[in-house]
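K.L.:
File follows, model-v8.csv with CSV, C-alpha atoms:
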```csv
chain,number,residue,atom,x,y,z
A,1162,MET,CA,17.8,15.7,-12.1
A,1163,LEU,CA,20.1,12.9,-13.1
A,1164,ASP,CA,21.6,12.8,-9.6
A,1165,GLU,CA,18.1,12.4,-8.2
A,1166,LEU,CA,17.3,9.6,-10.6
A,1167,ASP,CA,20.6,7.8,-9.8
A,1168,GLN,CA,19.7,8.0,-6.1
A,1169,LYS,CA,16.3,6.5,-6.8
A,1170,ILE,CA,17.8,3.8,-8.9
A,1171,GLN,CA,20.2,2.8,-6.2
A,1172,ASP,CA,17.3,2.8,-3.7
A,1173,VAL,CA,15.2,0.5,-5.8
A,1174,LEU,CA,18.2,-1.8,-6.3
A,1175,LYS,CA,18.6,-2.1,-2.6
A,1176,ARG,CA,14.8,-2.9,-2.2
A,1177,ILE,CA,15.0,-5.5,-4.9
A,1178,GLU,CA,17.9,-7.2,-3.1
A,1179,THR,CA,15.9,-7.1,0.2
A,1180,GLU,CA,12.8,-8.6,-1.4
A,1181,ARG,CA,14.8,-11.4,-3.0
A,1182,LYS,CA,16.3,-12.2,0.4
A,1183,VAL,CA,12.8,-12.3,1.9
A,1184,LEU,CA,11.7,-14.6,-0.8
A,1185,ASP,CA,14.7,-17.0,-0.4
A,1186,ALA,CA,14.2,-17.2,3.3
A,1187,SER,CA,10.4,-17.8,3.0
A,1188,ARG,CA,11.0,-20.5,0.4
A,1189,HIS,CA,13.5,-22.2,2.7
A,1190,LEU,CA,11.0,-22.0,5.5
A,1191,ARG,CA,8.3,-23.7,3.3
A,1192,GLN,CA,10.6,-26.7,3.0
A,1193,ALA,CA,11.5,-26.8,6.6
A,1194,THR,CA,8.1,-27.0,8.2
A,1195,SER,CA,4.8,-28.9,7.8
A,1196,ASN,CA,2.8,-26.8,10.3
A,1197,PRO,CA,-0.3,-25.7,8.3
A,1198,ASP,CA,-0.6,-22.3,10.1
A,1199,VAL,CA,3.0,-21.4,9.6
A,1200,LEU,CA,2.8,-22.5,5.9
A,1201,ARG,CA,-0.4,-20.4,5.4
A,1202,ARG,CA,1.2,-17.3,6.8
A,1203,ASN,CA,4.5,-18.0,5.0
A,1204,ASP,CA,2.7,-18.4,1.6
A,1205,ALA,CA,1.0,-15.1,2.1
A,1206,LYS,CA,4.3,-13.5,2.8
A,1207,ILE,CA,5.8,-15.1,-0.4
A,1208,ARG,CA,2.9,-13.7,-2.5
A,1209,GLU,CA,3.4,-10.2,-1.0
A,1210,ALA,CA,7.1,-10.3,-1.6
A,1211,GLU,CA,6.6,-11.5,-5.2
A,1212,ARG,CA,4.2,-8.6,-5.9
A,1213,SER,CA,6.7,-6.1,-4.3
A,1214,LEU,CA,9.6,-7.6,-6.2
A,1215,SER,CA,7.7,-7.4,-9.5
A,1216,TYR,CA,6.8,-3.7,-8.8
A,1217,PHE,CA,10.3,-2.8,-7.9
A,1218,GLU,CA,11.7,-4.4,-11.0
A,1219,GLU,CA,9.1,-2.5,-13.2
A,1220,THR,CA,10.0,0.7,-11.3
A,1221,LEU,CA,13.7,0.1,-12.0
A,1222,ARG,CA,13.0,-0.2,-15.7
A,1223,GLU,CA,11.0,3.0,-15.8
A,1224,LEU,CA,13.7,4.9,-13.9
A,1225,GLN,CA,16.4,3.6,-16.2
A,1226,THR,CA,14.3,4.7,-19.2
A,1227,ARG,CA,13.9,8.2,-17.7
A,1228,LYS,CA,17.6,8.4,-17.1
A,1229,LYS,CA,18.4,7.4,-20.7
A,1230,LEU,CA,15.9,10.0,-22.1
A,1231,GLN,CA,17.3,12.8,-19.9
A,1232,SER,CA,20.9,11.8,-20.8
A,1233,ASP,CA,20.1,11.8,-24.5
A,1234,SER,CA,18.3,15.2,-24.2
A,1235,ALA,CA,21.2,16.7,-22.3
A,1236,ARG,CA,23.5,15.8,-25.2
A,1237,SER,CA,21.0,17.0,-27.9
A,1238,GLY,CA,19.8,20.1,-26.0
A,1239,VAL,CA,16.1,19.0,-26.3
A,1240,SER,CA,13.8,19.0,-23.3
A,1241,PRO,CA,12.9,15.4,-22.5
A,1242,SER,CA,9.3,14.1,-22.2
A,1243,THR,CA,8.6,11.8,-19.3
A,1244,PRO,CA,7.2,8.4,-20.3
A,1245,SER,CA,3.5,8.2,-19.8
A,1246,SER,CA,2.2,5.6,-17.4
A,1247,ALA,CA,-1.3,4.4,-18.1
A,1248,THR,CA,-1.7,3.1,-14.5
A,1249,ARG,CA,-1.3,6.6,-13.0
A,1250,SER,CA,-4.6,7.7,-14.4
A,1251,ASN,CA,-6.3,5.6,-11.8
A,1252,ARG,CA,-5.2,7.8,-8.8
A,1253,GLY,CA,-8.2,8.4,-6.7
A,1254,THR,CA,-8.8,11.4,-4.6
A,1255,ASP,CA,-11.6,10.3,-2.2
A,1256,ARG,CA,-11.6,13.9,-0.8
A,1257,ASP,CA,-15.3,14.2,-0.7
A,1258,ARG,CA,-15.9,11.6,2.1
A,1259,SER,CA,-16.8,12.7,5.6
A,1260,LEU,CA,-15.5,11.0,8.7
A,1261,PRO,CA,-17.7,8.2,9.8
A,1262,GLN,CA,-18.8,8.0,13.5
A,1263,ILE,CA,-17.5,4.5,13.8
A,1264,PRO,CA,-14.5,3.4,11.8
A,1265,PRO,CA,-15.0,0.5,9.3
A,1266,THR,CA,-13.6,-2.8,10.1
A,1267,ASP,CA,-11.7,-3.4,6.9
A,1268,PHE,CA,-10.1,-1.6,4.0
A,1269,ASP,CA,-12.8,-2.2,1.4
A,1270,THR,CA,-14.5,1.1,1.1
A,1271,ALA,CA,-14.7,1.5,-2.6
A,1272,SER,CA,-18.1,1.5,-4.2
A,1273,PRO,CA,-19.3,-1.9,-5.4
A,1274,SER,CA,-20.5,-0.2,-8.6
A,1275,ASP,CA,-16.9,0.5,-9.7
A,1276,THR,CA,-16.1,-1.6,-12.7
A,1277,SER,CA,-12.8,-2.6,-14.3
A,1278,GLN,CA,-11.8,-0.8,-17.5
A,1279,PRO,CA,-10.7,-2.8,-20.5
A,1280,PHE,CA,-7.1,-3.2,-21.6
A,1281,LEU,CA,-5.9,0.0,-23.4
A,1282,GLY,CA,-3.0,0.9,-25.5
A,1283,SER,CA,-1.8,4.4,-26.2
A,1284,GLU,CA,-1.2,3.7,-29.9
A,1285,GLU,CA,-1.9,0.9,-32.2
A,1286,GLY,CA,0.7,-1.8,-31.7
A,1287,SER,CA,1.8,-0.4,-28.3
A,1288,PRO,CA,1.8,-2.6,-25.2
A,1289,GLN,CA,-1.6,-2.8,-23.6
A,1290,VAL,CA,-1.8,-1.9,-19.9
A,1291,LYS,CA,-4.8,-3.0,-17.8
A,1292,GLN,CA,-6.7,-0.2,-16.2
A,1293,TYR,CA,-7.9,-1.0,-12.6
A,1294,SER,CA,-11.0,0.3,-11.0
A,1295,ASN,CA,-11.0,1.9,-7.5
A,1296,LEU,CA,-12.3,-1.4,-6.1
A,1297,ASP,CA,-9.6,-3.4,-7.9
A,1298,LEU,CA,-6.9,-1.1,-6.5
A,1299,ILE,CA,-7.6,-1.9,-2.9
A,1300,LYS,CA,-7.8,-5.7,-3.4
A,1301,ALA,CA,-4.9,-7.6,-1.9
A,1302,ASP,CA,-4.3,-9.8,-5.0
A,1303,THR,CA,-4.1,-6.8,-7.4
A,1304,PRO,CA,-0.5,-6.4,-8.6
A,1305,HIS,CA,1.3,-3.4,-7.2
A,1306,THR,CA,1.2,-0.3,-9.4
A,1307,THR,CA,1.8,3.4,-8.9
A,1308,ALA,CA,-2.0,3.9,-8.9
A,1309,LYS,CA,-2.6,1.2,-6.3
A,1310,ILE,CA,0.1,2.4,-4.0
A,1311,SER,CA,-1.2,6.0,-4.2
A,1312,LYS,CA,-4.7,4.8,-3.5
A,1313,MET,CA,-3.7,2.6,-0.6
A,1314,LEU,CA,-1.6,5.4,1.0
A,1315,HIS,CA,-4.5,7.8,0.9
A,1316,GLN,CA,-7.0,5.3,2.2
A,1317,LEU,CA,-4.7,4.0,5.0
A,1318,GLU,CA,-3.8,7.5,6.2
A,1319,PHE,CA,-7.5,8.5,6.1
A,1320,LYS,CA,-8.5,5.4,8.1
A,1321,LEU,CA,-5.7,5.8,10.6
A,1322,GLN,CA,-6.8,9.3,11.4
A,1323,VAL,CA,-10.3,8.2,11.8
A,1324,GLU,CA,-9.3,5.4,14.1
A,1325,LEU,CA,-7.1,7.7,16.2
A,1326,GLN,CA,-10.0,10.1,16.7
A,1327,TYR,CA,-12.3,7.2,17.5
A,1328,LYS,CA,-9.9,6.0,20.2
A,1329,LYS,CA,-9.7,9.5,21.7
A,1330,GLY,CA,-13.5,9.4,22.1
A,1331,ILE,CA,-13.4,5.9,23.7
A,1332,ASP,CA,-10.7,7.1,26.2
A,1333,LYS,CA,-12.9,10.1,27.2
A,1334,MET,CA,-15.9,7.9,27.7
A,1335,ALA,CA,-13.9,5.4,29.8
A,1336,LYS,CA,-12.8,8.2,32.1
A,1337,LEU,CA,-16.4,9.4,32.5
A,1338,TYR,CA,-17.7,5.9,33.3
A,1339,GLN,CA,-14.9,5.5,35.8
A,1340,ALA,CA,-15.9,8.8,37.5
A,1341,ASP,CA,-19.5,7.7,37.6
A,1342,GLY,CA,-18.6,4.2,39.0
A,1343,ASP,CA,-20.3,2.5,36.0
A,1344,LYS,CA,-18.3,-0.7,35.9
A,1345,LYS,CA,-20.3,-2.4,33.1
A,1346,SER,CA,-20.0,0.6,30.7
A,1347,ARG,CA,-16.4,1.0,31.7
A,1348,ALA,CA,-15.6,-2.6,30.8
A,1349,ASP,CA,-17.4,-2.2,27.5
A,1350,ALA,CA,-15.3,0.9,26.7
A,1351,GLU,CA,-12.1,-0.9,27.7
A,1352,SER,CA,-13.0,-3.7,25.3
A,1353,LYS,CA,-13.5,-1.2,22.5
A,1354,ARG,CA,-10.3,0.6,23.4
A,1355,VAL,CA,-8.3,-2.7,23.1
A,1356,GLU,CA,-9.9,-3.4,19.7
A,1357,SER,CA,-9.2,0.1,18.5
A,1358,GLU,CA,-5.5,-0.2,19.5
A,1359,ARG,CA,-5.3,-3.4,17.5
A,1360,LYS,CA,-6.8,-1.7,14.4
A,1361,ILE,CA,-4.4,1.2,14.8
A,1362,HIS,CA,-1.4,-1.2,14.9
A,1363,LEU,CA,-2.6,-3.0,11.8
A,1364,LEU,CA,-3.2,0.3,9.9
A,1365,GLN,CA,0.2,1.7,10.9
A,1366,SER,CA,1.9,-1.6,9.8
A,1367,ALA,CA,0.1,-1.5,6.4
A,1368,LEU,CA,0.9,2.2,6.0
A,1369,LYS,CA,4.6,1.6,6.6
A,1370,ARG,CA,4.6,-1.2,4.1
A,1371,TYR,CA,3.0,0.9,1.3
A,1372,LYS,CA,5.3,3.9,2.1
A,1373,ASN,CA,8.2,1.6,1.5
A,1374,LEU,CA,6.8,0.8,-1.9
A,1375,HIS,CA,6.2,4.5,-2.8
A,1376,ILE,CA,9.0,5.6,-5.1
A,1377,LEU,CA,7.6,7.2,-8.2
A,1378,ASP,CA,5.9,10.6,-7.9
```
Go ahead and render the structure in this file as structure tokens.

P.N.:
Amino acid sequence: MLDELDQKIQDVLKRIETERKVLDASRHLRQATSNPDVLRRNDAKIREAERSLSYFEETLRELQTRKKLQSDSARSGVSPSTPSSATRSNRGTDRDRSLPQIPPTDFDTASPSDTSQPFLGSEEGSPQVKQYSNLDLIKADTPHTTAKISKMLHQLEFKLQVELQYKKGIDKMAKLYQADGDKKSRADAESKRVESERKIHLLQSALKRYKNLHILD
């Protein structure tokens, strides 16, 4: 178990180093250009890198705490207890949703009725950790947490599968229109196919980004 923790710690250290390099490069770019479009994209990249760096640093502290507890327990012969993480209670399942006929155009599928929970502490005097609602977890400006990453991985995988199925349907329709010689309908199907491919690319990119953040089980 300690070897596995050591491997995870080394992995997180490498990711922290990578995010710091991204931040340094982005901050230098900010000083090197006055193009408003470039600055806007660069600022968004800086905010994302800062969220990722903060999450990796917090993850590193938790892994180091686990390692210390397990090392202490190995010496004392007492089974360790894994530190509780209040943020993990927010993992959503979303397993009761059926596939929509037409994929949604954005990631915001949580119910608007979801409300944020108050700040909670496990015991009196203990650090208080904010509990995020399902809606909060999919907002771009919500800090990265284990709960948010799990939520986004599930949602992105779900949406990617939906979009891939939708594109298969569009491809079949385009072939039928071509066989029938219906140029107008074929052109419409081609337009939808291009849009679907764009969504698939965006979903795959986002999924890859969140998989890179996924460390803690």

K.L.:
Quick one, how far is atom CA of Glu1209 of chain A from atom CA of Leu1166 of chain A?

P.N.:
26.0 Å

K.L.:
A:Leu1317, A:Leu1174, A:Ala1308, A:Ala1186: which is nearest Ala1367 of chain A, counting only C-alpha atoms?

P.N.:
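The answer is A:Leu1317, which sits nearest to Ala1367 of chain A.
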
K.L.:
Residues near Leu1325 of chain A, anyone? I mean within 10 Å using all atoms listed in the file, not counting same-chain ones fewer than 3 positions away, as a list in words.

P.N.:
Pro1264, Lys1320, Leu1321, Gln1322, Lys1328, Lys1329, Gly1330, Ile1331, Ser1357, Glu1358, Lys1360 and Ile1361 of chain A

K.L.:
Could you give me, as a VMD selection string, the residues within 8 Å of Glu1211 of chain A, counting all atoms listed in the file and dropping anything in the same chain fewer than 4 positions from it?

P.N.:
chain A and resid 1180 1184 1207 1215

K.L.:
Return the single residue from A:Glu1318, A:Lys1353, A:Leu1224, A:Lys1344 that is closest to Asp1332 of chain A, with distances computed using only C-alpha atoms.

P.N.:
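The shortest atom-to-atom distance to Asp1332 of chain A comes from A:Lys1353.
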
K.L.:
Calculate how many Å separate atom CA of Glu1219 of chain A from atom CA of Glu1165 of chain A, rounding to one decimal.

P.N.:
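It comes out at 18.1 Å.
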
K.L.:
For the atom pair atom CA of Gln1192 of chain A and atom CA of Lys1369 of chain A, what is the interatomic distance in Å to one decimal place?

P.N.:
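Going from atom CA of Gln1192 of chain A over to atom CA of Lys1369 of chain A, I get 29.2 Å.
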
K.L.:
Can you work out which one of A:Asp1349, A:Asp1164, A:Asp1172, A:Glu1223 has the shortest atom-to-atom distance to Thr1307 of chain A, counting all atoms listed in the file?

P.N.:
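For Thr1307 of chain A, the nearest of the candidates is A:Glu1223.
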
K.L.:
Restricting the calculation to only C-alpha atoms: of A:Tyr1338, A:Gln1365, A:Glu1351, A:Asp1167, which residue gets closest to Gln1231 of chain A?

P.N.:
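Closest to Gln1231 of chain A of all the choices is A:Asp1167.
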
K.L.:
Write out N, CA, C and O atoms for segment 1186-1203 of chain A, as a short mmCIF file (atom, residue, chain, number, x, y, z; two decimals), in the coordinates of the input.

P.N.:
```cif
data_model
loop_
_atom_site.label_atom_id
_atom_site.label_comp_id
_atom_site.auth_asym_id
_atom_site.auth_seq_id
_atom_site.Cartn_x
_atom_site.Cartn_y
_atom_site.Cartn_z
N ALA A 1186 14.37 -16.67 1.97
CA ALA A 1186 14.20 -17.20 3.30
C ALA A 1186 12.80 -17.82 3.49
O ALA A 1186 12.67 -18.87 4.14
N SER A 1187 11.78 -17.24 2.88
CA SER A 1187 10.40 -17.80 3.00
C SER A 1187 10.31 -19.13 2.26
O SER A 1187 9.62 -20.04 2.73
N ARG A 1188 10.98 -19.26 1.14
CA ARG A 1188 11.00 -20.50 0.40
C ARG A 1188 11.70 -21.63 1.14
O ARG A 1188 11.28 -22.79 1.12
N HIS A 1189 12.75 -21.25 1.83
CA HIS A 1189 13.50 -22.20 2.70
C HIS A 1189 12.59 -22.68 3.83
O HIS A 1189 12.58 -23.86 4.21
N LEU A 1190 11.86 -21.71 4.41
CA LEU A 1190 11.00 -22.00 5.50
C LEU A 1190 9.87 -22.99 5.07
O LEU A 1190 9.48 -23.89 5.83
N ARG A 1191 9.38 -22.81 3.87
CA ARG A 1191 8.30 -23.70 3.30
C ARG A 1191 8.80 -25.14 3.30
O ARG A 1191 8.02 -26.06 3.56
N GLN A 1192 10.07 -25.34 3.02
CA GLN A 1192 10.60 -26.70 3.00
C GLN A 1192 10.96 -27.26 4.33
O GLN A 1192 11.13 -28.46 4.49
N ALA A 1193 11.06 -26.36 5.32
CA ALA A 1193 11.50 -26.80 6.60
C ALA A 1193 10.42 -27.09 7.63
O ALA A 1193 10.70 -27.58 8.72
N THR A 1194 9.17 -26.81 7.26
CA THR A 1194 8.10 -27.00 8.20
C THR A 1194 6.86 -27.64 7.52
O THR A 1194 6.69 -27.49 6.31
N SER A 1195 6.07 -28.34 8.32
CA SER A 1195 4.80 -28.90 7.80
C SER A 1195 3.61 -28.35 8.60
O SER A 1195 2.48 -28.78 8.38
N ASN A 1196 3.87 -27.39 9.48
CA ASN A 1196 2.80 -26.80 10.30
C ASN A 1196 1.89 -25.97 9.33
O ASN A 1196 2.35 -25.03 8.68
N PRO A 1197 0.61 -26.33 9.24
CA PRO A 1197 -0.30 -25.70 8.30
C PRO A 1197 -0.46 -24.18 8.53
O PRO A 1197 -0.56 -23.39 7.58
N ASP A 1198 -0.49 -23.76 9.80
CA ASP A 1198 -0.60 -22.30 10.10
C ASP A 1198 0.59 -21.54 9.68
O ASP A 1198 0.48 -20.45 9.11
N VAL A 1199 1.75 -22.10 9.96
CA VAL A 1199 3.00 -21.40 9.60
C VAL A 1199 3.10 -21.38 8.04
O VAL A 1199 3.48 -20.35 7.47
N LEU A 1200 2.72 -22.46 7.37
CA LEU A 1200 2.80 -22.50 5.90
C LEU A 1200 1.81 -21.48 5.30
O LEU A 1200 2.13 -20.83 4.30
N ARG A 1201 0.62 -21.36 5.88
CA ARG A 1201 -0.40 -20.40 5.40
C ARG A 1201 0.15 -18.97 5.46
O ARG A 1201 0.06 -18.19 4.50
N ARG A 1202 0.70 -18.62 6.63
CA ARG A 1202 1.20 -17.30 6.80
C ARG A 1202 2.46 -17.05 5.90
O ARG A 1202 2.64 -15.97 5.33
N ASN A 1203 3.26 -18.09 5.78
CA ASN A 1203 4.50 -18.00 5.00
C ASN A 1203 4.12 -17.82 3.47
O ASN A 1203 4.75 -17.04 2.75
#
```
